$ cat protein-v2.tsv   # TSV, C-alpha atoms
chain	number	residue	atom	x	y	z
A	1	MET	CA	0.00	0.00	0.00
A	2	PRO	CA	1.45	3.42	-0.90
A	3	THR	CA	2.13	5.81	1.94
A	4	PRO	CA	-0.52	8.56	2.02
A	5	ASP	CA	0.52	12.21	2.11
A	6	LEU	CA	-0.40	13.42	5.59
A	7	ALA	CA	1.24	16.85	5.26
A	8	ASP	CA	-2.11	18.65	5.00
A	9	ALA	CA	-4.02	16.38	7.36
A	10	VAL	CA	-5.98	17.87	10.23
A	11	TRP	CA	-4.55	16.22	13.35
A	12	ARG	CA	-6.39	16.06	16.66
A	13	LYS	CA	-5.52	14.95	20.17
A	14	SER	CA	-7.64	12.93	22.51
A	15	SER	CA	-9.46	14.87	25.20
A	16	ARG	CA	-7.91	12.32	27.57
A	17	SER	CA	-4.35	13.26	26.67
A	18	ASN	CA	-2.07	14.35	29.47
A	19	GLY	CA	-2.94	17.97	30.32
A	20	ALA	CA	0.73	18.82	30.86
A	21	GLY	CA	1.33	18.54	27.12
A	22	ASN	CA	3.23	15.25	27.33
A	23	GLU	CA	2.40	11.75	26.18
A	24	CYS	CA	-0.09	12.77	23.50
A	25	VAL	CA	-1.17	10.74	20.52
A	26	GLU	CA	-2.63	12.56	17.52
A	27	VAL	CA	-4.89	11.07	14.86
A	28	ALA	CA	-5.99	12.25	11.43
A	29	GLN	CA	-8.34	10.74	8.87
A	30	VAL	CA	-7.31	11.00	5.21
A	31	LEU	CA	-8.78	9.21	2.19
A	32	GLY	CA	-10.28	6.32	4.16
A	33	LEU	CA	-7.15	5.87	6.27
A	34	VAL	CA	-6.27	6.87	9.81
A	35	GLY	CA	-2.86	8.26	10.68
A	36	VAL	CA	-1.52	8.02	14.23
A	37	ARG	CA	1.55	9.90	15.46
A	38	ASP	CA	3.39	11.09	18.56
A	39	SER	CA	2.66	14.77	19.17
A	40	LYS	CA	6.16	15.26	20.61
A	41	ASN	CA	7.80	13.90	17.46
A	42	ARG	CA	5.63	15.00	14.55
A	43	ALA	CA	8.53	14.69	12.10
A	44	GLY	CA	9.01	11.07	13.16
A	45	GLY	CA	6.31	9.80	10.85
A	46	ALA	CA	2.93	8.23	11.43
A	47	LEU	CA	1.44	4.78	11.63
A	48	THR	CA	-1.26	4.42	8.98
A	49	LEU	CA	-4.22	2.08	9.39
A	50	SER	CA	-7.31	1.35	7.35
A	51	THR	CA	-10.50	2.64	8.95
A	52	ASP	CA	-11.48	-0.99	9.68
A	53	GLY	CA	-8.07	-1.58	11.27
A	54	TRP	CA	-8.44	1.56	13.41
A	55	THR	CA	-11.96	0.57	14.48
A	56	GLY	CA	-10.74	-2.90	15.45
A	57	PHE	CA	-7.76	-1.46	17.34
A	58	LEU	CA	-10.01	0.90	19.33
A	59	ALA	CA	-12.40	-1.94	20.15
A	60	ASP	CA	-9.49	-4.00	21.50
A	61	VAL	CA	-8.20	-1.06	23.54
A	62	LYS	CA	-11.64	-0.52	25.08
A	63	THR	CA	-11.96	-4.18	26.07
A	64	GLY	CA	-8.50	-4.27	27.65
A	65	ALA	CA	-6.94	-6.60	25.07
A	66	PHE	CA	-3.61	-4.77	25.37
A	67	ASP	CA	-3.51	-4.43	29.18
A	68	VAL	CA	-0.31	-5.93	30.51
A	69	ARG	CA	-1.33	-6.23	34.15
$ encode --input "protein-v2.tsv" --output "structure tokens"
Amino acid sequence: MPTPDLADAVWRKSSRSNGAGNECVEVAQVLGLVGVRDSKNRAGGALTLSTDGWTGFLADVKTGAFDVR
């Protein structure tokens, strides 16, 4: 899959991001894909997922599938 151009994407942070400005994840939706990046390292690139992949990832997060405790 070709890498989408996210240069003009509108990025947003979760309302649950750390209020101190640290540890924030930003997401943007572009052409049926979702980009995810570290707000502290915007030049570091982004992980790109299909919208179905993003929806599945969020569902797993909400059910605790990635909890390591």
$ atom_distance --input "protein-v2.tsv" --atom1 "atom CA of Thr48 of chain A" --atom2 "atom CA of Val25 of chain A"
13.2 Å
$ axis_aligned_box --input "protein-v2.tsv" --around "segment 46-56 of chain A" --padding-each-side "5 Å" --output "lines of an AutoDock Vina configuration file"
center_x = -4.5
center_y = 2.7
center_z = 11.4
size_x = 24.9
size_y = 21.1
size_z = 18.1
$ closest_residue --input "protein-v2.tsv" --among "A:Thr63, A:Ala9, A:Arg69, A:Gly32" --to "Thr51 of chain A" --atoms "all atoms listed in the file"
A:Gly32
$ residues_around --input "protein-v2.tsv" --residues "Trp54 of chain A" --least-positions-apart "6" --cutoff "12 Å" --atoms "all atoms listed in the file" --output "VMD selection string"
chain A and resid 27 to 29 32 to 36 47 to 48 60 to 61
$ atom_distance --input "protein-v2.tsv" --atom1 "atom CA of Ala46 of chain A" --atom2 "atom CA of Leu6 of chain A"
8.5 Å
$ atom_distance --input "protein-v2.tsv" --atom1 "atom CA of Glu26 of chain A" --atom2 "atom CA of Arg12 of chain A"
5.2 Å
$ closest_residue --input "protein-v2.tsv" --among "A:Val30, A:Glu23, A:Ala7, A:Ser15" --to "Gly45 of chain A" --atoms "all atoms listed in the file"
A:Ala7
$ closest_residue --input "protein-v2.tsv" --among "A:Lys13, A:Gly44, A:Phe57, A:Thr3" --to "Leu31 of chain A" --atoms "all atoms listed in the file"
A:Thr3
$ closest_residue --input "protein-v2.tsv" --among "A:Ser39, A:Pro4, A:Ala65, A:Leu58" --to "Ser17 of chain A" --atoms "all atoms listed in the file"
A:Ser39
$ closest_residue --input "protein-v2.tsv" --among "A:Ala59, A:Val68, A:Cys24, A:Val10" --to "Lys40 of chain A" --atoms "all atoms listed in the file"
A:Cys24
